[in-house]
Amino acid sequence: MMKLRLLPVVMSVVISAGVLFGGWFAYTSLAMENPLSDIISKVPGVTSSTMKLDNNQVDIEVSLNQDANLRNVVESIHKEGASIIGKRSVNINVKSNPSEKLDQWWSKALFEVAQAMETKHYADIPTTLQKYAEGVPNMKVDSEMDQTNVYIRLTDGDATKFIMLPRTSQIGVWPNE
């Protein structure tokens with residue numbers, strides 16, 4: 001009967017596991033995360049981004065320059081990164097540079113915007129934003145929509161706030177970021 005020595009068996013298991021997980025990590029990093037990061041960084045308007053990719057979803061956080069078009073950014077990420085994203089769900093979080101004044105302004109307009117979203121009266125959103133912007137001298141508001149989201153950009157001087165509101169009905173509140 002052959003007697004196995006413990007150290008060589010343990011070492012082979014450890015080395016095999018290291019090679020397998022190292023290969024998987026290298027594949028995920030080199031073949032998927034790095035190319036997707038490159039795609040995101042080349043999208044017009046994106047100043048920086050971070051990304052976390054797992055089996056079911058992709059979490060992307062982007063910083064945008066002041067005159068970026070959020071709808072185009074989201075569309076480009078989905079279109080250019082489709083082969084890497086595959087069937088994963090994509091969560092895009094936009095880091096903004098809002099001022100306290102801009103945040104307060106948005107919190108006042110949010111009631112009517114939320115009502116328009118809830119009742120699916122999307123055409124009321126630009127009108128509401130313009131109505132609230134009239135009293136603020138440097139305020140600029142832009143809103144756009146696609147099949148999945150309503151995109152809003154608020155600008156007041158150097159301060160910018162990007163908002164992406166999902167068009168699907170959901171329980172809870174929209175992000176007030």
# chains A, B, ... in the order shown; residues from 1 in each chain; ligands from 1
$ residues_around --residues "Met117 of chain A" --least-positions-apart "3" --cutoff "10 Å" --atoms "only C-alpha atoms" --output "ChimeraX atom specification"
/A:111-114,120-125,150,165-169,174
$ write_last_selection --atoms "N, CA, C and O atoms" --output "tab-separated table (two decimals), in the first residue's frame"
chain	number	residue	atom	x	y	z
A	111	PHE	N	-40.67	67.33	-5.96
A	111	PHE	CA	-42.05	66.92	-5.74
A	111	PHE	C	-42.82	66.83	-7.05
A	111	PHE	O	-43.47	65.83	-7.34
A	112	GLU	N	-42.74	67.90	-7.85
A	112	GLU	CA	-43.47	67.90	-9.11
A	112	GLU	C	-42.86	66.94	-10.12
A	112	GLU	O	-43.57	66.30	-10.90
A	113	VAL	N	-41.55	66.80	-10.11
A	113	VAL	CA	-40.89	65.86	-11.02
A	113	VAL	C	-41.30	64.42	-10.64
A	113	VAL	O	-41.62	63.61	-11.51
A	114	ALA	N	-41.30	64.12	-9.36
A	114	ALA	CA	-41.70	62.78	-8.91
A	114	ALA	C	-43.14	62.49	-9.29
A	114	ALA	O	-43.47	61.36	-9.71
A	120	LYS	N	-46.56	59.17	-15.16
A	120	LYS	CA	-46.04	59.00	-16.53
A	120	LYS	C	-46.36	60.20	-17.43
A	120	LYS	O	-46.51	60.07	-18.63
A	121	HIS	N	-46.46	61.38	-16.85
A	121	HIS	CA	-46.62	62.63	-17.61
A	121	HIS	C	-45.23	63.25	-17.80
A	121	HIS	O	-44.93	64.31	-17.26
A	122	TYR	N	-44.41	62.58	-18.59
A	122	TYR	CA	-43.02	62.97	-18.75
A	122	TYR	C	-42.86	64.35	-19.38
A	122	TYR	O	-41.88	65.05	-19.13
A	123	ALA	N	-43.83	64.77	-20.20
A	123	ALA	CA	-43.74	66.08	-20.85
A	123	ALA	C	-43.82	67.22	-19.83
A	123	ALA	O	-43.41	68.34	-20.13
A	124	ASP	N	-44.34	66.94	-18.64
A	124	ASP	CA	-44.42	67.98	-17.61
A	124	ASP	C	-43.06	68.28	-16.98
A	124	ASP	O	-42.89	69.34	-16.37
A	125	ILE	N	-42.11	67.39	-17.11
A	125	ILE	CA	-40.81	67.56	-16.43
A	125	ILE	C	-40.05	68.79	-16.94
A	125	ILE	O	-39.65	69.63	-16.14
A	150	VAL	N	-35.14	59.06	-17.45
A	150	VAL	CA	-35.23	60.50	-17.68
A	150	VAL	C	-33.91	61.07	-17.14
A	150	VAL	O	-33.49	60.74	-16.04
A	165	LEU	N	-33.32	59.34	-13.59
A	165	LEU	CA	-34.51	58.76	-12.97
A	165	LEU	C	-35.03	57.61	-13.82
A	165	LEU	O	-35.33	57.80	-15.00
A	166	PRO	N	-35.14	56.41	-13.24
A	166	PRO	CA	-35.65	55.27	-14.02
A	166	PRO	C	-37.13	55.44	-14.34
A	166	PRO	O	-37.90	55.89	-13.50
A	167	ARG	N	-37.52	55.08	-15.56
A	167	ARG	CA	-38.91	55.22	-15.98
A	167	ARG	C	-39.77	54.07	-15.51
A	167	ARG	O	-40.99	54.15	-15.59
A	168	THR	N	-39.20	52.98	-15.04
A	168	THR	CA	-40.02	51.87	-14.57
A	168	THR	C	-40.58	52.21	-13.20
A	168	THR	O	-39.93	52.87	-12.40
A	169	SER	N	-41.79	51.77	-12.96
A	169	SER	CA	-42.39	52.01	-11.64
A	169	SER	C	-41.60	51.25	-10.60
A	169	SER	O	-41.21	50.11	-10.82
A	174	TRP	N	-36.80	58.02	-5.69
A	174	TRP	CA	-35.69	58.16	-6.64
A	174	TRP	C	-34.48	58.69	-5.92
A	174	TRP	O	-34.60	59.38	-4.92
$ select_by_dssp --residues "chain A" --states "strand (DSSP E)" --output "NGL selection string"
:A and (46-53 or 57-64 or 89-95 or 139-145 or 149-156 or 159-166)
$ residues_around --residues "Arg153 of chain A" --least-positions-apart "2" --cutoff "6 Å" --atoms "only C-alpha atoms" --output "short mmCIF file (atom, residue, chain, number, x, y, z; two decimals) with N, CA and C atoms, in the first residue's frame"
data_model
loop_
_atom_site.label_atom_id
_atom_site.label_comp_id
_atom_site.auth_asym_id
_atom_site.auth_seq_id
_atom_site.Cartn_x
_atom_site.Cartn_y
_atom_site.Cartn_z
N VAL A 141 -31.23 74.38 -17.01
CA VAL A 141 -31.77 73.03 -16.85
C VAL A 141 -31.88 72.37 -18.21
N ASP A 142 -31.49 71.13 -18.28
CA ASP A 142 -31.63 70.32 -19.49
C ASP A 142 -32.26 69.01 -19.09
N LYS A 161 -25.36 69.32 -11.29
CA LYS A 161 -26.00 68.15 -10.70
C LYS A 161 -26.62 67.35 -11.84
N PHE A 162 -26.24 66.07 -11.91
CA PHE A 162 -26.80 65.15 -12.89
C PHE A 162 -27.75 64.21 -12.17
#
$ closest_residue --among "A:Ser96, A:Gln104, A:Thr119, A:Asn91" --to "Ile152 of chain A" --atoms "only C-alpha atoms"
A:Ser96
$ atom_distance --atom1 "atom CA of Glu118 of chain A" --atom2 "atom CA of Met145 of chain A"
14.8 Å
$ residues_around --residues "Leu64 of chain A" --least-positions-apart "6" --cutoff "9 Å" --atoms "only C-alpha atoms" --output "VMD selection string"
chain A and resid 44 to 49 70 94 to 96 162
$ residues_around --residues "Tyr151 of chain A" --least-positions-apart "5" --cutoff "6 Å" --atoms "only C-alpha atoms" --output "number ranges by chain"
A: 143-145, 163-164
$ write_last_selection --atoms "all heavy atoms" --output "JSON list (two decimals), in the first residue's frame"
[["chain", "number", "residue", "atom", "x", "y", "z"],
["A", 143, "SER", "N", -33.20, 68.53, -19.88],
["A", 143, "SER", "CA", -33.80, 67.23, -19.60],
["A", 143, "SER", "C", -33.97, 66.48, -20.91],
["A", 143, "SER", "O", -34.26, 67.07, -21.95],
["A", 143, "SER", "CB", -35.13, 67.39, -18.88],
["A", 143, "SER", "OG", -36.01, 68.20, -19.62],
["A", 144, "GLU", "N", -33.73, 65.17, -20.83],
["A", 144, "GLU", "CA", -33.88, 64.29, -21.98],
["A", 144, "GLU", "C", -34.46, 62.98, -21.48],
["A", 144, "GLU", "O", -34.45, 62.70, -20.28],
["A", 144, "GLU", "CB", -32.54, 64.01, -22.65],
["A", 144, "GLU", "CG", -31.94, 65.18, -23.38],
["A", 144, "GLU", "CD", -30.68, 64.79, -24.13],
["A", 144, "GLU", "OE1", -29.65, 64.62, -23.46],
["A", 144, "GLU", "OE2", -30.76, 64.63, -25.34],
["A", 145, "MET", "N", -34.90, 62.16, -22.42],
["A", 145, "MET", "CA", -35.51, 60.90, -22.03],
["A", 145, "MET", "C", -35.18, 59.85, -23.09],
["A", 145, "MET", "O", -35.02, 60.17, -24.26],
["A", 145, "MET", "CB", -37.03, 61.10, -21.93],
["A", 145, "MET", "CG", -37.80, 59.93, -21.44],
["A", 145, "MET", "SD", -39.53, 60.36, -21.17],
["A", 145, "MET", "CE", -40.20, 60.10, -22.79],
["A", 163, "ILE", "N", -28.93, 64.01, -12.75],
["A", 163, "ILE", "CA", -29.91, 63.13, -12.16],
["A", 163, "ILE", "C", -30.40, 62.17, -13.23],
["A", 163, "ILE", "O", -30.70, 62.58, -14.36],
["A", 163, "ILE", "CB", -31.11, 63.92, -11.59],
["A", 163, "ILE", "CG1", -30.64, 64.92, -10.53],
["A", 163, "ILE", "CG2", -32.16, 62.99, -10.99],
["A", 163, "ILE", "CD1", -31.03, 66.32, -10.80],
["A", 164, "MET", "N", -30.46, 60.89, -12.88],
["A", 164, "MET", "CA", -30.96, 59.87, -13.79],
["A", 164, "MET", "C", -32.11, 59.17, -13.07],
["A", 164, "MET", "O", -31.91, 58.52, -12.04],
["A", 164, "MET", "CB", -29.84, 58.88, -14.14],
["A", 164, "MET", "CG", -30.22, 57.88, -15.16],
["A", 164, "MET", "SD", -28.79, 56.96, -15.85],
["A", 164, "MET", "CE", -28.03, 56.29, -14.40]]
$ residues_around --residues "Asn138 of chain A" --least-positions-apart "5" --cutoff "9 Å" --atoms "only C-alpha atoms" --output "list of chain:residue names"
A:Ala133, A:Thr155, A:Asp156, A:Gly157
$ select_by_dssp --residues "chain A" --states "alpha helix (DSSP H)" --output "ChimeraX atom specification"
/A:6-26,34-41,70-80,82-85,100-118,124-133
$ atom_distance --atom1 "atom CA of Val14 of chain A" --atom2 "atom CA of Asn56 of chain A"
28.1 Å
$ atom_distance --atom1 "atom CA of Asn72 of chain A" --atom2 "atom CA of Val43 of chain A"
8.6 Å
$ residues_around --residues "Trp105 of chain A" --least-positions-apart "5" --cutoff "10 Å" --atoms "only C-alpha atoms" --output "list of chain:residue names"
A:Ser99, A:Glu100, A:Leu110, A:Leu129, A:Tyr132, A:Ala133, A:Val136, A:Met139, A:Leu154
$ write_last_selection --atoms "C-alpha atoms" --output "compact mmCIF listing (two decimals), in the first residue's frame"
# COMPACT_ATOMS: atom_id res chain seq x y z
CA SER A 99 -23.72 73.33 -4.53
CA GLU A 100 -25.95 73.50 -1.47
CA LEU A 110 -38.43 67.08 -6.94
CA LEU A 129 -37.85 72.53 -14.34
CA TYR A 132 -38.49 76.59 -11.06
CA ALA A 133 -35.41 77.91 -12.91
CA VAL A 136 -32.64 81.78 -10.36
CA MET A 139 -29.69 78.32 -13.48
CA LEU A 154 -28.85 71.27 -13.55
